[in-house]
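Enquirer: What follows is model.cif, mmCIF, C-alpha atoms and all ligand atoms.
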data_run
loop_
_atom_site.label_atom_id
_atom_site.label_comp_id
_atom_site.auth_asym_id
_atom_site.auth_seq_id
_atom_site.Cartn_x
_atom_site.Cartn_y
_atom_site.Cartn_z
CA MET V 1121 -109.51 15.72 52.56
CA GLU V 1122 -105.86 15.62 53.63
CA VAL V 1123 -103.92 18.61 54.99
CA SER V 1124 -100.19 19.07 55.48
CA VAL V 1125 -97.85 21.90 56.42
CA ASP V 1126 -94.53 22.48 54.68
CA LYS V 1127 -92.19 23.02 57.60
CA ASP V 1128 -89.64 24.69 55.36
CA LEU V 1129 -92.13 27.38 54.40
CA CYS V 1130 -94.05 27.83 57.67
CA ILE V 1131 -92.98 30.87 59.70
CA GLY V 1132 -95.09 30.00 62.74
CA CYS V 1133 -97.30 33.06 62.43
CA GLY V 1134 -100.32 31.27 63.90
CA VAL V 1135 -102.83 32.42 61.31
CA CYS V 1136 -103.94 28.85 60.61
CA GLU V 1137 -104.32 28.04 64.32
CA GLY V 1138 -106.40 31.17 64.77
CA ILE V 1139 -108.77 30.07 62.00
CA THR V 1140 -108.90 26.34 62.82
CA PRO V 1141 -107.50 25.43 66.24
CA GLU V 1142 -109.07 21.98 65.80
CA LEU V 1143 -106.67 21.32 62.94
CA PHE V 1144 -103.54 23.37 63.45
CA SER V 1145 -101.41 23.85 66.54
CA LEU V 1146 -98.33 25.91 67.27
CA GLU V 1147 -97.93 24.19 70.60
CA ASN V 1148 -94.83 22.43 69.29
CA ALA V 1149 -93.62 25.53 67.46
CA PRO V 1150 -91.70 26.86 65.56
CA THR V 1151 -93.90 25.41 62.83
CA ALA V 1152 -97.59 24.56 62.67
CA GLU V 1153 -98.57 20.96 63.29
CA VAL V 1154 -101.60 19.30 61.70
CA LEU V 1155 -103.74 17.68 64.40
CA SER V 1156 -106.17 15.70 62.31
CA SER V 1157 -105.75 14.47 58.75
CA PRO V 1158 -107.99 13.28 57.11
CA VAL V 1159 -109.83 16.46 57.98
CA PRO V 1160 -113.22 16.11 59.72
CA GLU V 1161 -115.97 17.25 57.39
CA GLU V 1162 -117.19 20.08 59.59
CA VAL V 1163 -113.82 21.85 59.55
CA GLN V 1164 -112.94 21.28 55.90
CA GLU V 1165 -114.13 24.72 54.91
CA ALA V 1166 -112.03 26.29 57.64
CA ALA V 1167 -109.04 24.24 56.48
CA GLN V 1168 -109.45 25.70 53.00
CA GLN V 1169 -109.65 29.16 54.55
CA ALA V 1170 -106.47 28.59 56.54
CA ALA V 1171 -104.66 27.42 53.40
CA ALA V 1172 -105.85 30.51 51.53
CA ASP V 1173 -104.83 32.87 54.34
CA CYS V 1174 -101.43 31.33 55.10
CA PRO V 1175 -99.00 34.11 54.17
CA GLU V 1176 -96.34 31.61 53.09
CA ASP V 1177 -98.56 29.18 51.15
CA ALA V 1178 -97.26 26.52 53.50
CA ILE V 1179 -100.53 24.59 53.78
CA GLN V 1180 -101.35 21.93 51.21
CA VAL V 1181 -104.92 20.69 50.94
CA GLU V 1182 -105.61 17.55 48.97
CA GLU V 1183 -109.01 16.25 48.11
CA SER V 1184 -108.71 12.48 48.32
CA GLU V 1185 -111.44 11.27 46.01
CA ALA V 1186 -110.80 7.59 46.57
CA HIS V 1187 -110.93 8.07 50.31
CA ASP V 1188 -114.04 10.19 50.21
CA LEU V 1189 -115.79 7.51 48.21
CA ALA V 1190 -114.67 4.68 50.43
CA PRO V 1191 -117.50 3.14 52.45
CA GLU V 1192 -115.40 3.16 55.59
CA ASN V 1193 -115.08 6.91 55.26
CA ALA V 1194 -118.85 7.18 55.14
CA GLU V 1195 -118.93 5.33 58.45
CA ARG V 1196 -116.53 7.84 59.91
CA ASP V 1197 -118.69 10.69 58.70
CA ILE V 1198 -121.72 9.12 60.34
CA ILE V 1199 -119.85 9.04 63.62
CA VAL V 1200 -118.81 12.65 63.17
CA ASP V 1201 -122.42 13.57 62.38
CA GLU V 1202 -123.63 11.84 65.52
CA PHE V 1203 -121.19 13.89 67.55
CA ALA V 1204 -122.28 17.04 65.82
CA ASP V 1205 -125.90 16.29 66.61
CA GLU V 1206 -125.13 15.73 70.25
CA ASP V 1207 -122.99 18.73 70.86
CA ARG V 1208 -120.87 20.52 68.32
CA GLU V 1209 -118.42 21.71 70.95
CA ASP V 1210 -117.78 18.17 72.12
CA ILE V 1211 -116.29 17.04 68.83
CA ASP V 1212 -114.23 20.19 68.55
CA GLN V 1213 -112.85 19.43 71.98
CA ILE V 1214 -112.18 15.80 71.11
CA PHE V 1215 -110.15 16.72 68.05
CA LYS V 1216 -108.43 19.53 69.93
CA GLU V 1217 -107.35 17.35 72.81
CA LYS V 1218 -106.17 14.64 70.41
CA LYS V 1219 -106.79 11.75 72.71
CA MET V 1220 -106.10 8.14 71.79
CA LYS V 1221 -104.22 7.24 68.62
CA ALA V 1222 -104.14 3.74 67.11
CA ILE V 1223 -101.31 2.50 64.92
CA VAL V 1224 -101.11 -0.72 62.89
CA ASP V 1225 -97.69 -2.15 62.10
CA LYS V 1226 -98.19 -3.20 58.49
CA ASP V 1227 -95.14 -5.45 58.66
CA LEU V 1228 -96.78 -7.48 61.43
CA CYS V 1229 -100.42 -7.35 60.31
CA ILE V 1230 -101.62 -10.54 58.58
CA ALA V 1231 -104.96 -9.00 57.54
CA CYS V 1232 -106.99 -11.44 59.60
CA GLY V 1233 -109.74 -8.87 60.02
CA ILE V 1234 -110.27 -9.36 63.76
CA CYS V 1235 -109.78 -5.68 64.51
CA GLU V 1236 -112.20 -4.69 61.76
CA GLY V 1237 -114.74 -7.10 63.16
CA ILE V 1238 -114.46 -5.53 66.61
CA ALA V 1239 -114.18 -1.88 65.57
CA PRO V 1240 -115.19 -1.37 61.91
CA GLU V 1241 -115.42 2.38 62.50
CA VAL V 1242 -111.69 2.42 63.25
CA PHE V 1243 -110.06 -0.42 61.30
CA SER V 1244 -110.57 -1.34 57.66
CA LEU V 1245 -109.07 -3.88 55.29
CA GLN V 1246 -110.92 -2.57 52.26
CA ARG V 1247 -108.22 -0.43 50.72
CA GLU V 1248 -104.97 -2.01 51.89
CA PRO V 1249 -103.51 -5.50 52.28
CA TYR V 1250 -103.21 -4.68 55.99
CA ALA V 1251 -105.54 -3.03 58.50
CA GLU V 1252 -105.84 0.69 57.97
CA VAL V 1253 -106.70 3.08 60.80
CA LEU V 1254 -109.60 5.32 59.76
CA LEU V 1255 -109.89 7.65 62.73
CA ASP V 1256 -107.29 9.85 64.38
CA PRO V 1257 -107.83 10.66 67.16
CA ILE V 1258 -110.07 7.83 68.35
CA PRO V 1259 -113.45 9.13 69.59
CA ALA V 1260 -113.92 8.43 73.30
CA GLU V 1261 -116.78 5.97 72.82
CA LEU V 1262 -114.63 3.79 70.53
CA GLU V 1263 -111.62 3.63 72.82
CA ASP V 1264 -112.77 0.40 74.51
CA ALA V 1265 -113.24 -1.28 71.13
CA VAL V 1266 -109.75 -0.21 70.07
CA GLU V 1267 -108.32 -1.57 73.32
CA GLU V 1268 -110.12 -4.85 72.68
CA SER V 1269 -108.82 -4.97 69.09
CA LYS V 1270 -105.31 -4.51 70.40
CA GLU V 1271 -105.80 -7.34 72.89
CA GLU V 1272 -107.30 -9.66 70.28
CA CYS V 1273 -104.83 -8.95 67.46
CA PRO V 1274 -102.96 -12.27 67.06
CA GLU V 1275 -99.81 -10.58 65.80
CA GLY V 1276 -99.54 -7.75 68.31
CA ALA V 1277 -99.68 -5.40 65.34
CA ILE V 1278 -101.79 -2.71 67.03
CA THR V 1279 -100.26 -0.13 69.30
CA ILE V 1280 -102.08 2.61 71.14
CA GLU V 1281 -100.77 6.02 72.04
CA ALA V 1282 -102.66 8.02 74.64
S1 LIG O 1301 -100.50 30.22 58.62
FE1 LIG O 1301 -98.90 29.24 57.40
S2 LIG O 1301 -97.00 30.18 58.04
FE2 LIG O 1301 -98.52 30.70 59.56
S3 LIG O 1301 -98.31 29.09 61.13
FE3 LIG O 1301 -99.88 28.40 59.73
S4 LIG O 1301 -98.79 27.16 58.21
FE4 LIG O 1301 -97.26 28.38 59.29
S1 LIG O 1302 -106.22 -7.96 64.13
FE1 LIG O 1302 -104.05 -7.46 63.87
S2 LIG O 1302 -103.32 -8.87 62.30
FE2 LIG O 1302 -105.54 -8.88 62.21
S3 LIG O 1302 -106.05 -7.36 60.65
FE3 LIG O 1302 -106.09 -6.32 62.63
S4 LIG O 1302 -104.05 -5.48 62.89
FE4 LIG O 1302 -103.92 -6.99 61.26
#
Here is a file; write its structure as structure tokens.
Ligand code: SF4
Ligand code: SF4
Expert:
Amino acid sequence: MEVSVDKDLCIGCGVCEGITPELFSLENAPTAEVLSSPVPEEVQEAAQQAAADCPEDAIQVEESEAHDLAPENAERDIIVDEFADEDREDIDQIFKEKKMKAIVDKDLCIACGICEGIAPEVFSLQREPYAEVLLDPIPAELEDAVEESKEECPEGAITIEA
């Protein structure tokens, strides 16, 4: 599931943030910012609720069938499930704090697959002719693998934002 906010419609009322602070933030107001898209499974219902309650219909929710069926997405869901089993509040906090972000420069990437080999939960070459980043933000226990992928990428195509 993908979520976006139409900045031209959003009036910064904060209704969405009140319903799903893991997904929406008014920290950089005047308009709501989406913190995590694709939307983690456990907050998808709340995302739908926020879209329904937005007084300006500024929130678009898209079910991405291809993405939901992709095997790499299943891997992501397993990770999310593991978090949820450990401590539900932990994953909420991880998404809220929006820690590490990984970016692949598709103009530099030569699709060698090294990053996917090191961190298959994060990088995938299955859907694109370049490495695609599956998780945003990067869960804490995968940060080392992402750092290693960045180091090992022969084209310097991976950048990391803290
Ligand atoms: S509920 Fe709608 S109008 Fe209000 S902050 Fe969220 S996106 Fe903007
Ligand atoms: S290691 Fe670098 S060049 Fe190779 S697939 Fe990953 S991002 Fe692309």
Enquirer: Give the answer as one residue: which of V:Ala1282, V:Ala1260, V:Met1220, V:Ala1167 has the shortest atom-to-atom distance to Val1125 of chain V, using only C-alpha atoms?
Expert: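 Nearest candidate to Val1125 of chain V out of V:Ala1282, V:Ala1260, V:Met1220, V:Ala1167: V:Ala1167.
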Enquirer: Leaving out Gly1237 of chain V and any residue of its chain fewer than 2 positions from it, which residues lie within 12 Å of it when counting all atoms listed in the file, given as a PDB file with C-alpha atoms, keeping the file's coordinate frame?
Expert:
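Contents of out.pdb, as written:
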ATOM      1  CA  ALA V1231    -104.960  -9.000  57.540  1.00  0.00           C
ATOM      2  CA  CYS V1232    -106.990 -11.440  59.600  1.00  0.00           C
ATOM      3  CA  GLY V1233    -109.740  -8.870  60.020  1.00  0.00           C
ATOM      4  CA  ILE V1234    -110.270  -9.360  63.760  1.00  0.00           C
ATOM      5  CA  CYS V1235    -109.780  -5.680  64.510  1.00  0.00           C
ATOM      6  CA  ALA V1239    -114.180  -1.880  65.570  1.00  0.00           C
ATOM      7  CA  PRO V1240    -115.190  -1.370  61.910  1.00  0.00           C
ATOM      8  CA  GLU V1241    -115.420   2.380  62.500  1.00  0.00           C
ATOM      9  CA  VAL V1242    -111.690   2.420  63.250  1.00  0.00           C
ATOM     10  CA  PHE V1243    -110.060  -0.420  61.300  1.00  0.00           C
ATOM     11  CA  SER V1244    -110.570  -1.340  57.660  1.00  0.00           C
ATOM     12  CA  LEU V1245    -109.070  -3.880  55.290  1.00  0.00           C
ATOM     13  CA  ALA V1251    -105.540  -3.030  58.500  1.00  0.00           C
ATOM     14  CA  ALA V1265    -113.240  -1.280  71.130  1.00  0.00           C
ATOM     15  CA  VAL V1266    -109.750  -0.210  70.070  1.00  0.00           C
ATOM     16  CA  GLU V1268    -110.120  -4.850  72.680  1.00  0.00           C
ATOM     17  CA  SER V1269    -108.820  -4.970  69.090  1.00  0.00           C
ATOM     18  CA  GLU V1272    -107.300  -9.660  70.280  1.00  0.00           C
ATOM     19  CA  CYS V1273    -104.830  -8.950  67.460  1.00  0.00           C
TER      20      CYS V1273
END
Enquirer: Can you tell me which residues sit at most 6 Å away from ligand LIG 1301 (chain O), counting all atoms listed in the file, written as a VMD selection string?
Expert: chain V and resid 1125 1130 to 1136 1151 to 1152 1174 to 1176 1178 to 1179
Enquirer: Which protein, DNA or RNA residues have an atom at most 12 Å from (-110.0, 28.8, 60.9), counting only C-alpha atoms? List them as a list in words.
Expert: Gly1134, Val1135, Cys1136, Glu1137, Gly1138, Ile1139, Thr1140, Pro1141, Glu1142, Leu1143, Phe1144, Ser1145, Glu1162, Val1163, Gln1164, Glu1165, Ala1166, Ala1167, Gln1168, Gln1169, Ala1170, Ala1171, Ala1172, Asp1173 and Cys1174 of chain V
Enquirer: Taking all atoms listed in the file into account, which of V:Leu1262, V:Val1159, V:Val1154, V:Ile1230 comes nearest ligand LIG 1302 (chain O)?
Expert: V:Ile1230
Enquirer: In Å to one decimal, how far is atom CA of Gln1246 of chain V from atom CA of Thr1279 of chain V?
Expert: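 Separation of atom CA of Thr1279 of chain V and atom CA of Gln1246 of chain V: 20.2 Å.
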Enquirer: Can you work out the spacing between atom CA of Val1253 of chain V and atom CA of Val1181 of chain V in Å, to one decimal?
Expert: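 Atom-to-atom, atom CA of Val1253 of chain V and atom CA of Val1181 of chain V are spaced 20.3 Å apart.
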Enquirer: For ligand LIG 1302 (chain O), which residue among V:Lys1270, V:Arg1247, V:Lys1219, V:Lys1127 is the nearest when counting all atoms listed in the file?
Expert: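 Using all atoms listed in the file, the shortest distance to ligand LIG 1302 (chain O) belongs to V:Lys1270.
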Enquirer: Would you compute an axis-aligned box for ligand LIG 1302 (chain O), covering every atom listed for it in the file with 5 Å of margin on each side, and report centre and edge lengths in Å to one decimal as AutoDock Vina command-line options?
Expert:
--center_x -104.8 --center_y -7.2 --center_z 62.4 --size_x 12.9 --size_y 13.4 --size_z 13.5
Enquirer: Just how far from atom CA of Glu1252 of chain V is atom FE2 of ligand LIG 1302 (chain O), in Å to one decimal?
Expert: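 Atom CA of Glu1252 of chain V lies at a distance of 10.5 Å from atom FE2 of ligand LIG 1302 (chain O).
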Enquirer: In terms of the shortest atom-to-atom distance over all atoms listed in the file, which of V:Pro1274, V:Pro1158, V:Met1121, V:Lys1221 is closest to Pro1259 of chain V?
Expert: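 Looking only at the distances to Pro1259 of chain V, the closest residue turns out to be V:Lys1221.
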